[in-house]
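Student: Got a structure for you, questions after.
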Amino acid sequence: MILNTPIDMHLHLREGKILKDVLPYTESQFAAAVVMPNLVPPVDNKERLLSYKEEILSNSKNFIPLMNVFMREYSEEELKELKEFIFAIKLYPAGITTNSEGGVRGIETVYPVLEIMQELGIPLSIHGETHGFVMEREKEFIPVYEKLAKDFPKLKIIMEHVGTAEMLDLLDKYENLYATITLHHLLLTLDEVAGGMLNPHYFCKPVVKTPKDRAEIQKFVKSGHKKIMFGSDSAPHPIKNKLKGAAGVFSAPVILPALAEFFEEDTETFQKFISDNARENFNIDVPEKKVKLIKEEWTAPYIVGDIKPMFAGKIFKYKVIS
Ligand code: NCD
Ligand code: ZN
């Protein structure tokens with residue numbers, strides 16, 4: 001099976017040693033990825049953005065990082081300058097996930113920024129959760145998505161890492177809403193985190209949810225819905241931090257083998273989910289890169305640097321060859 005120009009629409013690469021450890025796994029499977037800006041301090045100005053991009057490029061040979069900046073109250077001048085260097089601006093409600101303390105407090109505070117983004121054609125990427133009960137945070141955020149979709153009808157808004165099935169109903173209601181789906185929200189439920197022995201490696205924000213949510217998400221993805229795109233939200237944390245409760249699943253090493261099993265023979269829908277939908281929805285123009293999978297047993301790595309990957313040690317039916 002050959003995939004054309006796979007794109008990961010939501011990726012955490014971190015910096016320094018972790019970046020060096022994890023980037024080869026994404027580079028061997030993807031042509032490009034949207035790189036999230038929640039570093040410490042966040043990527044929220046041109047200098048930091050360009051030096052971070054340079055760090056990524058200097059650690060890869062054949063990979064395009066599509067950069068995001070962290071939402072704050074940018075001026076029109078700053079946005080005009082940033083536009084050519086970024087894919088989107090990522091909005092985190094303050095304190096909602098890893099390194100988001102400097103996020104947005106009250107969505108109205110960034111309405112002037114959203115107005116300019118709409119005018120300049122800069123997409124908005126959102127971590128859509130409230131501070132409510134953990135299983136209901138995404139559901140409670142639905143009215144915020146609806147208000148934004150109506151208030152900024154020309155602004156393209158990406159609902160990131162959707163884990164609650166009802167959110168996907170918004171896609172057909174609002175032309176300007178799009179969604180990314182992760183591997184873990186597609187394949188896991190809360191049972192894998194807390195149903196037996198506690199598994200902190202599958203703890204992430206938003207948390208993986210019910211079997212019903214998973215079944216609905218699978219149905220949407222299998223339908224080939226044009227506005228649904230793959231975004232891994234692969235979020236590496238050293239094991240010692242995971243054991244202290246850090247949120248994030250490191251899925252990068254196993255993505256294509258796991259998705260190949262999920263889609264089985266339906267390579268057409270797989271191709272749309274992993275690339276075509278994203279490229280068409282957002283006019284992403286990156287050089288073509290073919291990635292080949294063969295039907296041969298492959299064992300997922302047990303450990304990458306100090307990080308434990310999703311499905312560590314699992315035997316898959318497909319193997320990526322470069
Ligand atoms: C992400 C991280 O570790 O940066 N964690 C996560 O649980 N998904 C941040 C995020 O995307 O929420
Ligand atoms: Zn993320």
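Residue numbering restarts at 1 in every chain; chains get A, B, ... in the order shown in the structure tokens, and ligands count up from 1 in that same order.
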Mind listing the residues within 7 Å of ligand 1, only C-alpha atoms and all ligand atoms counted, as a VMD selection string?
Tutor: chain A and resid 12 38 97 to 99 127 203 to 206 233 235 to 237 247 to 249
Student: Residues at most 10 Å from A:Gly102, counting only C-alpha atoms, excluding those fewer than 2 positions away in the same chain, as a list in words?
Tutor: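 What passes the distance filter is Asn38, Val40, Pro41, Pro42, Phe70, Met71, Arg72, Tyr92, Pro93, Ala94, Gly95, Asn99, Ser100, Val104 and Arg105 of chain A.
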Student: In Å, how far is it from atom CA of A:Met167 to atom CA of A:Glu216?
Tutor: 10.6 Å
Student: Which residue out of A:Glu129, A:Glu160, A:Glu138, A:Glu119 has the minimum interatomic distance to ligand 2 when only C-alpha atoms and all ligand atoms are used?
Tutor: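 Closest residue, counting only C-alpha atoms and all ligand atoms: A:Glu160.
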Student: Go ahead and compute the interatomic distance for atom CA of A:Val208 and atom CA of A:Thr189, in Å to one decimal.
Tutor: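 These atoms are spaced 5.1 Å apart.
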Student: Where in stretch 129-311 of chain A does DSSP assign alpha helix (DSSP H), given as a VMD selection string?
Tutor: chain A and resid 137 to 151 183 to 187 190 to 194 211 to 223 239 to 242 255 to 263 267 to 271 277 to 282
Student: Find the residues near A:Ala278: any atom within 9 Å, counting only C-alpha atoms, skip ones fewer than 5 places away on the same chain, and give them as a PyMOL selection string.
Tutor: chain A and resi 7+9+226-230+272-273+283-284
Student: Just how far from atom CA of A:Ala88 is atom CA of A:Ile157, in Å to one decimal?
Tutor: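 Distance reported for this atom pair: 9.4 Å.
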Student: Running DSSP on the backbone, which parts of stretch 99-234 of chain A land in strand (DSSP E or B), as a list in words?
Tutor: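 Filtering stretch 99-234 of chain A down to strand (DSSP E or B) leaves Val104, Leu124, Ser125, Ile126, Ile157, Ile158, Met159, Leu177, Tyr178, Ala179, Thr180, Ile181, Ile228, Met229, Phe230 and Ser234 of chain A.
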